[in-house]
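Reviewing the structure listed below.
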There are 2 protein chains.
Amino acid sequence: MDKIRLGIIGMGNMGSGHLRSILNGECPRITVTAFADTNPEKLANAGKLAPDAAAFDDAIKMLDSGLIDAALIAVPHYDHPKLAMECFKRGIHVMTEKPAGVYTRQVREMNDAAKASNVKFGIMFNQRTNPIYARAREIVKSGQLGELKRMVWIVTNWYRTQAYYDSGSWRATWNGEGGGVLLNQAPHNLDLWQWIFGMPKRIRAFCTVGKYHNIGVEDDVTIYGEYDNGATAVFISTTGEAPGSNRLEISGTKGKLVLEDGRMKWWRLKEDERYTCFNNPNGFVWPECDYEEYTAQEPDGHPEILNDFAASILDGTPMLSPGEDGLNSLSISNAAYISSWTDDWADIPVDEEVFEKNLAKLCADEKITKKTVMVNETAESLSERWKVRW
Amino acid sequence: MDKIRLGIIGMGNMGSGHLRSILNGECPRITVTAFADTNPEKLANAGKLAPDAAAFDDAIKMLDSGLIDAALIAVPHYDHPKLAMECFKRGIHVMTEKPAGVYTRQVREMNDAAKASNVKFGIMFNQRTNPIYARAREIVKSGQLGELKRMVWIVTNWYRTQAYYDSGSWRATWNGEGGGVLLNQAPHNLDLWQWIFGMPKRIRAFCTVGKYHNIGVEDDVTIYGEYDNGATAVFISTTGEAPGSNRLEISGTKGKLVLEDGRMKWWRLKEDERYTCFNNPNGFVWPECDYEEYTAQEPDGHPEILNDFAASILDGTPMLSPGEDGLNSLSISNAAYISSWTDDWADIPVDEEVFEKNLAKLCADEKITKKTVMVNETAESLSERWKVRW
């Protein structure tokens with residue numbers, strides 16, 4: 001096999017965006033041989049783009065067709081795990097859009113099924129391809145920042161208008177998406193949080209529903225997290241602020257990183273702060289640092305992730321964004337919801353029963369009154385959408 | 001009267017620092033005619049600096065001496081209100097060091113006494129003299145930022161070593177100072193928070209005791225605050241991080257301010273974001289902004305505040321830092337303690353009974369085991385100490 005035969009499930013904005021970039025030649029080791037959607041209009045549109053690929057009105061038929069080696073799942077969040085498991089059963093490799101799912105039980109089951117299978121499983125955390133985040137992770141994981149103390153991430157530049165939310169009746173609903181900014185926009189950042197800084201043990205979060213938009217899910221969140229070693233994390237996100245910020249600060253006993261404006265600033269202490277604290281005879285000390293900056297061009301993350309996925313299938317290389325990792329960011333957002341719903345701490349791993357009971361109630365009580373206004377999206381706005389914005 | 005006759009109460013680091021700067025001619029409308037301290041050594045040291053001023057081993061005797069028009073209170077926090085009220089009784093103007101006191105009941109009583117008196121009452125929030133903060137306040141108060149949405153202040157550059165805490169047995173104790181970083185270092189920032197952004201209605205805070213030092217009070221805090229209009233505030237401070245940060249971000253419906261590195265960045269939206277949100281037909285919008293930057297030299301805040309105090313006495317000008325304002329920052333820190341102690345929300349105005357009960361227990365249970373190691377402080381380190389650090 002020198003090329004992956006890919007089938008795309010879901011020909012909405014994301015699915016057709018991926019299709020376009022593959023057709024553009026951005027993923028030389030992938031051919032789209034089939035696609036599936038239950039919506040005839042979307043199916044027809046995709047057929048115009050890729051007349052040589054087989055069109056299916058049912059994903060399962062596509063999985064059983066023998067036409068594909070791998071599937072890209074770009075359907076609503078709730079269905080990611082179910083479809084992934086249908087693929088695993090059939091020995092079909094899986095790349096799923098984020099989030100991994102809506103609740104962790106479902107995602108744990110998916111991860112177990114992936115493990116028991118013999119296929120590759122990836123998730124579309126395309127911001128991991130940004131060299132600045134990768135470098136930050138490398139510095140943290142190699143211990144060059146010492147023992148971690150604090151992370152503060154202000155990522156408030158996911159601005160969306162009411163027109164965005166009105167563009168699909170499923171958007172920003174409990175039944176359709178399973179949440180708001182935490183499930184749709186912030187998963188990228190929640191994933192980078194855990195990828196770089198690790199998983200907190202408990203969360204206290206403040207999620208505000210419909211603060212800036214006429215929606216029934218949260219569009220503003222502040223999360224406080226605590227770690228086993230005493231480190232803390234603050235994570236702030238919203239779709240209601242302009243011009244927002246994207247500034248990630250990480251500090252440890254050996255220095256500090258600040259990622260902002262497409263640049264990573266790195267202060268490296270000449271002496272571990274813990275040593276200075278207990279050995280310097282002066283009360284007021286401004287410990288000496290080396291300083292360096294790092295910038296890098298951001299690659300177009302989506303094809304990068306697909307290429308990495310193809311390489312892992314074809315060459316057996318380790319994956320940049322393994323599907324199992326989706327459980328981590330989802331655990332953070334699930335815990336944030338639990339904390340906000342119960343107005344109390346939420347532990348990680350999350351209490352799945354509490355989460356599901358509350359979510360079920362929100363879904364049952366939900367009245368979707370939004371009118372749907374179609375908003376035409378260009379290929380540019382799509383590629384723009386999930387890029388790292390500074 | 002063309003010059004204020006000032007008496008300084010407490011000739012420790014702060015009191016003698018103020019004395020030095022007045023003797024250096026930095027406060028042309030103030031003469032130090034007397035000072036008081038119960039410690040003979042400190043009294044003798046001050047006498048060497050200011051041989052023409054009268055030395056008192058008891059503050060009350062100085063207040064009754066007829067030698068002073070105004071008093072500068074630079075004693076441990078608990079005694080600020082008591083001494084201020086002794087001054088008010090005698091018609092003596094008061095400038096107190098921050099914080100206003102340790103608990104709000106005491107400070108409310110002090111404020112009532114000030115109001116009933118006929119004298120001027122100021123508090124040493126010297127960072128208010130920084131033109132960058134003053135400008136930020138003016139922009140916010142004039143409505144140029146629109147309706148406020150969010151404040152995030154990371155002010156983690158109050159670094160202190162263990163030697164600092166060991167330099168006085170009263171330091172960083174419940175009995176001696178009434179708290180840690182919230183009562184000693186952060187009051188400046190808590191004051192600027194409320195001065196620029198206003199008072200929150202409730203607080204959820206996470207204070208960690210002795211996280212980075214061998215002390216029995218908090219040296220690390222994260223505060224989350226909520227406002228009547230739904231705005232939120234996050235405030236992060238510590239004495240255990242190096243190199244720390246000092247970055248204040250404020251956003252409103254008409255733009256954003258970021259104060260960092262001695263510079264204020266101002267993004268002014270061309271159109272109110274609330275209008276854009278509900279009227280722009282596109283889902284993904286990056287609203288247009290005008291951008292400007294503002295920098296200014298920081299004056300030496302302590303003499304500025306004293307000069308402003310003198311002018312208010314001599315010329316009747318309004319004071320930059322009125323003493324009554326001390327209640328606000330203290331209310332935030334008191335609420336932060338209550339929230340942390342009860343692991344729950346704390347309203348503002350604070351529940352004074354809950355605060356005092358908890359504080360009394362902490363004081364009663366406190367075992368001060370720290371050895372005291374004298375650390376010599378130079379005049380430079382003192383002037384450096386309370387400057388705005390970026």
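Labels used: A, B, ... for chains in the order of the structure tokens, numbers from 1 for residues in each chain, and numbers from 1 for ligands as shown.
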
Q: Using backbone DSSP assignments, extract all strand (DSSP E) residues from range 164-326 of chain A; output them as JSON, numbers by chain.
A: {"A": [202, 203, 204, 205, 206, 207, 208, 209, 218, 219, 220, 221, 222, 223, 224, 225, 226, 232, 233, 234, 235, 236, 237, 238, 246, 247, 248, 249, 250, 251, 252, 255, 256, 257, 258, 259, 260, 263, 264, 265, 266, 267, 268, 269, 289, 290, 291, 292, 293, 294, 295]}

Filtering to N, CA and C atoms, could you give me those residues as a compact mmCIF listing (two decimals), in the first residue's frame?
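What landed in selection-v8.txt:
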# COMPACT_ATOMS: atom_id res chain seq x y z
N ARG A 202 -8.23 18.18 39.88
CA ARG A 202 -9.59 18.66 40.09
C ARG A 202 -9.76 20.06 39.54
N ILE A 203 -11.02 20.42 39.34
CA ILE A 203 -11.40 21.61 38.57
C ILE A 203 -12.47 22.38 39.34
N ARG A 204 -12.33 23.71 39.31
CA ARG A 204 -13.44 24.56 39.76
C ARG A 204 -13.70 25.50 38.60
N ALA A 205 -14.89 25.44 38.03
CA ALA A 205 -15.12 26.20 36.81
C ALA A 205 -16.37 27.05 36.89
N PHE A 206 -16.38 28.08 36.07
CA PHE A 206 -17.46 29.05 36.03
C PHE A 206 -17.85 29.23 34.56
N CYS A 207 -18.91 28.55 34.17
CA CYS A 207 -19.37 28.60 32.78
C CYS A 207 -20.65 29.42 32.73
N THR A 208 -20.71 30.38 31.84
CA THR A 208 -21.92 31.20 31.73
C THR A 208 -22.64 30.91 30.43
N VAL A 209 -23.90 30.56 30.57
CA VAL A 209 -24.73 30.19 29.43
C VAL A 209 -25.27 31.44 28.75
N GLU A 218 -22.93 27.44 27.09
CA GLU A 218 -21.97 28.44 27.58
C GLU A 218 -21.17 29.08 26.44
N ASP A 219 -21.00 30.38 26.54
CA ASP A 219 -20.10 31.07 25.61
C ASP A 219 -19.02 31.85 26.35
N ASP A 220 -18.88 31.54 27.64
CA ASP A 220 -17.84 32.19 28.44
C ASP A 220 -17.46 31.25 29.59
N VAL A 221 -16.15 30.98 29.73
CA VAL A 221 -15.72 30.06 30.80
C VAL A 221 -14.43 30.53 31.46
N THR A 222 -14.38 30.30 32.75
CA THR A 222 -13.13 30.44 33.50
C THR A 222 -12.95 29.15 34.28
N ILE A 223 -11.82 28.52 34.07
CA ILE A 223 -11.55 27.24 34.74
C ILE A 223 -10.31 27.40 35.62
N TYR A 224 -10.43 26.91 36.85
CA TYR A 224 -9.28 26.84 37.75
C TYR A 224 -8.99 25.37 37.99
N GLY A 225 -7.75 24.95 37.78
CA GLY A 225 -7.40 23.55 37.96
C GLY A 225 -6.27 23.38 38.96
N GLU A 226 -6.29 22.28 39.68
CA GLU A 226 -5.22 21.98 40.63
C GLU A 226 -4.54 20.66 40.28
N THR A 232 -1.04 25.03 39.68
CA THR A 232 -2.41 25.46 39.36
C THR A 232 -2.48 25.87 37.89
N ALA A 233 -3.71 25.87 37.39
CA ALA A 233 -3.94 26.30 36.01
C ALA A 233 -5.18 27.16 35.98
N VAL A 234 -5.11 28.24 35.21
CA VAL A 234 -6.29 29.06 34.95
C VAL A 234 -6.47 29.10 33.44
N PHE A 235 -7.69 28.86 33.01
CA PHE A 235 -8.00 28.80 31.58
C PHE A 235 -9.24 29.64 31.34
N ILE A 236 -9.13 30.60 30.45
CA ILE A 236 -10.22 31.54 30.21
C ILE A 236 -10.53 31.56 28.72
N SER A 237 -11.78 31.33 28.37
CA SER A 237 -12.13 31.35 26.96
C SER A 237 -13.55 31.87 26.76
N THR A 238 -13.79 32.41 25.58
CA THR A 238 -15.11 32.92 25.25
C THR A 238 -15.22 33.08 23.74
N ASN A 246 -4.77 35.72 22.96
CA ASN A 246 -4.31 34.34 23.04
C ASN A 246 -2.94 34.39 23.67
N ARG A 247 -2.90 34.19 24.97
CA ARG A 247 -1.65 34.30 25.70
C ARG A 247 -1.55 33.17 26.71
N LEU A 248 -0.54 32.35 26.53
CA LEU A 248 -0.31 31.20 27.39
C LEU A 248 0.97 31.43 28.17
N GLU A 249 0.85 31.36 29.48
CA GLU A 249 2.03 31.51 30.34
C GLU A 249 2.21 30.25 31.16
N ILE A 250 3.43 29.76 31.21
CA ILE A 250 3.73 28.57 32.00
C ILE A 250 4.97 28.87 32.84
N SER A 251 4.87 28.63 34.13
CA SER A 251 6.06 28.87 34.94
C SER A 251 6.41 27.63 35.75
N GLY A 252 7.69 27.52 35.97
CA GLY A 252 8.21 26.41 36.75
C GLY A 252 9.35 26.90 37.62
N GLY A 255 12.06 28.68 35.46
CA GLY A 255 11.83 29.77 34.53
C GLY A 255 10.39 29.88 34.09
N LYS A 256 10.21 30.55 32.96
CA LYS A 256 8.88 30.90 32.52
C LYS A 256 8.82 30.92 31.00
N LEU A 257 7.70 30.48 30.46
CA LEU A 257 7.41 30.60 29.03
C LEU A 257 6.19 31.49 28.86
N VAL A 258 6.22 32.37 27.87
CA VAL A 258 5.02 33.11 27.49
C VAL A 258 4.85 32.98 25.98
N LEU A 259 3.71 32.44 25.57
CA LEU A 259 3.39 32.28 24.15
C LEU A 259 2.31 33.30 23.80
N GLU A 260 2.66 34.22 22.93
CA GLU A 260 1.71 35.27 22.54
C GLU A 260 2.19 35.88 21.24
N ARG A 263 4.78 34.13 19.13
CA ARG A 263 6.16 34.11 19.61
C ARG A 263 6.20 33.44 20.98
N MET A 264 7.23 32.67 21.21
CA MET A 264 7.42 32.13 22.54
C MET A 264 8.60 32.82 23.19
N LYS A 265 8.37 33.39 24.37
CA LYS A 265 9.44 34.00 25.14
C LYS A 265 9.83 33.02 26.24
N TRP A 266 11.12 32.88 26.41
CA TRP A 266 11.59 31.88 27.37
C TRP A 266 12.61 32.52 28.31
N TRP A 267 12.25 32.59 29.56
CA TRP A 267 13.16 33.05 30.60
C TRP A 267 13.70 31.82 31.33
N ARG A 268 15.01 31.65 31.28
CA ARG A 268 15.62 30.49 31.93
C ARG A 268 16.42 30.98 33.13
N LEU A 269 16.00 30.57 34.30
CA LEU A 269 16.71 30.99 35.51
C LEU A 269 18.11 30.37 35.54
N CYS A 289 18.24 35.65 34.77
CA CYS A 289 17.71 34.76 33.74
C CYS A 289 18.49 34.90 32.44
N ASP A 290 18.55 33.83 31.69
CA ASP A 290 18.84 33.93 30.26
C ASP A 290 17.49 34.07 29.57
N TYR A 291 17.53 34.75 28.43
CA TYR A 291 16.27 34.98 27.73
C TYR A 291 16.42 34.61 26.28
N GLU A 292 15.45 33.91 25.74
CA GLU A 292 15.45 33.72 24.29
C GLU A 292 14.03 33.72 23.74
N GLU A 293 13.93 33.99 22.46
CA GLU A 293 12.62 34.00 21.80
C GLU A 293 12.62 32.96 20.69
N TYR A 294 11.45 32.49 20.41
CA TYR A 294 11.30 31.47 19.37
C TYR A 294 10.06 31.79 18.55
N THR A 295 10.24 31.87 17.23
CA THR A 295 9.09 32.03 16.35
C THR A 295 9.17 30.97 15.27

Q) Got a sec to pull out which chain A residues are within 6 Å of chain B, counting only C-alpha atoms, and send them as a ChimeraX atom specification? A) /A:160-164,277-278,281-284

(Q) Just want the 9 Å neighbourhood of range 32-46 of chain A, counted on only C-alpha atoms, with same-chain residues fewer than 6 positions away dropped. Output as a PyMOL selection string. (A) chain A and resi 4-12+15-16+19+22-23+52-62+67-68+71+75

Run DSSP on the backbone and grab whatever in range 142-364 of chain B lands in alpha helix (DSSP H); send it over as a short mmCIF file (atom, residue, chain, number, x, y, z; two decimals) with N, CA and C atoms, in the first residue's frame.
data_model
loop_
_atom_site.label_atom_id
_atom_site.label_comp_id
_atom_site.auth_asym_id
_atom_site.auth_seq_id
_atom_site.Cartn_x
_atom_site.Cartn_y
_atom_site.Cartn_z
N GLN B 162 13.00 33.22 51.43
CA GLN B 162 12.76 32.85 52.83
C GLN B 162 13.44 33.85 53.77
N ALA B 163 14.58 34.40 53.34
CA ALA B 163 15.30 35.38 54.17
C ALA B 163 14.41 36.59 54.46
N TYR B 164 13.62 36.99 53.49
CA TYR B 164 12.69 38.09 53.70
C TYR B 164 11.73 37.76 54.84
N TYR B 165 11.16 36.59 54.77
CA TYR B 165 10.18 36.21 55.80
C TYR B 165 10.84 36.01 57.16
N ASP B 166 12.11 35.62 57.14
CA ASP B 166 12.82 35.41 58.40
C ASP B 166 13.32 36.71 59.01
N PRO B 187 -2.03 44.38 48.27
CA PRO B 187 -2.98 45.48 48.45
C PRO B 187 -2.87 46.58 47.39
N HIS B 188 -1.67 46.83 46.92
CA HIS B 188 -1.52 47.82 45.84
C HIS B 188 -2.35 47.43 44.63
N ASN B 189 -2.21 46.17 44.25
CA ASN B 189 -2.90 45.71 43.05
C ASN B 189 -4.39 45.55 43.28
N LEU B 190 -4.75 45.10 44.48
CA LEU B 190 -6.18 44.97 44.79
C LEU B 190 -6.83 46.36 44.75
N ASP B 191 -6.09 47.36 45.21
CA ASP B 191 -6.64 48.72 45.15
C ASP B 191 -6.79 49.18 43.70
N LEU B 192 -5.77 48.94 42.89
CA LEU B 192 -5.87 49.36 41.48
C LEU B 192 -6.99 48.60 40.78
N GLU B 273 -18.89 46.00 20.06
CA GLU B 273 -18.94 44.56 19.77
C GLU B 273 -20.36 44.02 19.89
N ARG B 274 -21.15 44.59 20.78
CA ARG B 274 -22.53 44.12 20.95
C ARG B 274 -23.35 44.39 19.69
N TYR B 275 -23.04 45.48 19.00
CA TYR B 275 -23.72 45.77 17.75
C TYR B 275 -23.27 44.79 16.66
N THR B 276 -21.95 44.61 16.57
CA THR B 276 -21.41 43.68 15.59
C THR B 276 -22.02 42.30 15.76
N CYS B 277 -22.08 41.84 17.00
CA CYS B 277 -22.53 40.48 17.28
C CYS B 277 -23.92 40.22 16.68
N PHE B 278 -24.80 41.20 16.82
CA PHE B 278 -26.19 40.97 16.42
C PHE B 278 -26.55 41.55 15.05
N ASN B 279 -25.60 42.22 14.41
CA ASN B 279 -25.92 42.85 13.12
C ASN B 279 -25.03 42.43 11.97
N GLY B 301 6.50 57.06 43.65
CA GLY B 301 5.14 57.15 44.17
C GLY B 301 4.98 57.62 45.59
N HIS B 302 5.89 57.24 46.48
CA HIS B 302 5.68 57.60 47.89
C HIS B 302 5.65 59.11 48.11
N PRO B 303 6.71 59.84 47.68
CA PRO B 303 6.62 61.30 47.87
C PRO B 303 5.46 61.94 47.11
N GLU B 304 5.12 61.38 45.96
CA GLU B 304 3.97 61.91 45.21
C GLU B 304 2.71 61.88 46.06
N ILE B 305 2.50 60.75 46.72
CA ILE B 305 1.30 60.59 47.54
C ILE B 305 1.35 61.57 48.72
N LEU B 306 2.54 61.71 49.30
CA LEU B 306 2.67 62.66 50.41
C LEU B 306 2.45 64.09 49.94
N ASN B 307 2.95 64.42 48.78
CA ASN B 307 2.77 65.78 48.25
C ASN B 307 1.29 66.06 47.93
N ASP B 308 0.64 65.03 47.42
CA ASP B 308 -0.78 65.16 47.12
C ASP B 308 -1.59 65.35 48.41
N PHE B 309 -1.19 64.63 49.43
CA PHE B 309 -1.81 64.74 50.76
C PHE B 309 -1.60 66.15 51.32
N ALA B 310 -0.38 66.64 51.19
CA ALA B 310 -0.09 68.00 51.67
C ALA B 310 -0.93 69.03 50.92
N ALA B 311 -1.05 68.85 49.61
CA ALA B 311 -1.85 69.80 48.83
C ALA B 311 -3.31 69.76 49.24
N SER B 312 -3.80 68.59 49.56
CA SER B 312 -5.21 68.51 49.95
C SER B 312 -5.44 69.23 51.27
N ILE B 313 -4.44 69.19 52.15
CA ILE B 313 -4.55 69.91 53.42
C ILE B 313 -4.40 71.42 53.19
N LEU B 314 -3.38 71.78 52.42
CA LEU B 314 -3.03 73.20 52.30
C LEU B 314 -3.91 73.94 51.28
N ASP B 315 -4.31 73.23 50.22
CA ASP B 315 -5.04 73.89 49.14
C ASP B 315 -6.47 73.39 48.99
N GLY B 326 -9.44 52.49 51.25
CA GLY B 326 -8.78 51.29 51.76
C GLY B 326 -9.75 50.17 52.10
N LEU B 327 -11.00 50.53 52.35
CA LEU B 327 -12.01 49.51 52.66
C LEU B 327 -12.22 48.56 51.47
N ASN B 328 -12.11 49.11 50.26
CA ASN B 328 -12.44 48.29 49.08
C ASN B 328 -11.46 47.15 48.86
N SER B 329 -10.17 47.48 48.80
CA SER B 329 -9.19 46.41 48.58
C SER B 329 -9.21 45.43 49.75
N LEU B 330 -9.40 45.96 50.96
CA LEU B 330 -9.46 45.06 52.11
C LEU B 330 -10.69 44.15 52.03
N SER B 331 -11.78 44.66 51.51
CA SER B 331 -12.97 43.82 51.35
C SER B 331 -12.70 42.68 50.37
N ILE B 332 -11.95 42.98 49.32
CA ILE B 332 -11.61 41.91 48.36
C ILE B 332 -10.74 40.86 49.03
N SER B 333 -9.72 41.31 49.77
CA SER B 333 -8.84 40.30 50.38
C SER B 333 -9.56 39.56 51.50
N ASN B 334 -10.38 40.25 52.29
CA ASN B 334 -11.16 39.56 53.33
C ASN B 334 -12.08 38.51 52.69
N ALA B 335 -12.74 38.89 51.60
CA ALA B 335 -13.63 37.95 50.92
C ALA B 335 -12.84 36.77 50.36
N ALA B 336 -11.63 37.04 49.87
CA ALA B 336 -10.79 35.96 49.35
C ALA B 336 -10.44 34.97 50.46
N TYR B 337 -10.12 35.50 51.63
CA TYR B 337 -9.84 34.60 52.76
C TYR B 337 -11.08 33.78 53.13
N ILE B 338 -12.21 34.46 53.25
CA ILE B 338 -13.43 33.74 53.63
C ILE B 338 -13.72 32.63 52.62
N SER B 339 -13.60 32.96 51.34
CA SER B 339 -13.87 31.98 50.30
C SER B 339 -12.93 30.78 50.44
N SER B 340 -11.68 31.08 50.69
CA SER B 340 -10.69 30.03 50.79
C SER B 340 -10.91 29.20 52.06
N TRP B 341 -11.20 29.88 53.17
CA TRP B 341 -11.43 29.16 54.43
C TRP B 341 -12.67 28.28 54.39
N THR B 342 -13.73 28.80 53.75
CA THR B 342 -15.00 28.06 53.73
C THR B 342 -15.13 27.20 52.48
N GLU B 352 -18.63 39.90 58.23
CA GLU B 352 -17.55 40.27 59.15
C GLU B 352 -17.43 39.28 60.30
N GLU B 353 -18.55 38.71 60.70
CA GLU B 353 -18.51 37.76 61.80
C GLU B 353 -17.72 36.51 61.41
N VAL B 354 -18.01 35.99 60.24
CA VAL B 354 -17.30 34.80 59.76
C VAL B 354 -15.81 35.11 59.63
N PHE B 355 -15.50 36.28 59.10
CA PHE B 355 -14.09 36.63 58.93
C PHE B 355 -13.38 36.68 60.27
N GLU B 356 -13.97 37.39 61.22
CA GLU B 356 -13.28 37.60 62.49
C GLU B 356 -13.16 36.31 63.30
N LYS B 357 -14.18 35.47 63.19
CA LYS B 357 -14.14 34.19 63.92
C LYS B 357 -12.99 33.33 63.40
N ASN B 358 -12.90 33.26 62.09
CA ASN B 358 -11.84 32.45 61.48
C ASN B 358 -10.45 33.02 61.76
N LEU B 359 -10.34 34.33 61.63
CA LEU B 359 -9.04 34.96 61.88
C LEU B 359 -8.61 34.75 63.33
N ALA B 360 -9.57 34.89 64.25
CA ALA B 360 -9.26 34.72 65.67
C ALA B 360 -8.74 33.31 65.95
N LYS B 361 -9.34 32.35 65.28
CA LYS B 361 -8.90 30.96 65.49
C LYS B 361 -7.48 30.76 64.94
N LEU B 362 -7.23 31.32 63.76
CA LEU B 362 -5.89 31.21 63.17
C LEU B 362 -4.86 31.86 64.07
N CYS B 363 -5.21 33.01 64.62
CA CYS B 363 -4.29 33.72 65.51
C CYS B 363 -4.03 32.90 66.77
N ALA B 364 -5.11 32.33 67.31
CA ALA B 364 -4.97 31.57 68.56
C ALA B 364 -4.13 30.31 68.34
#
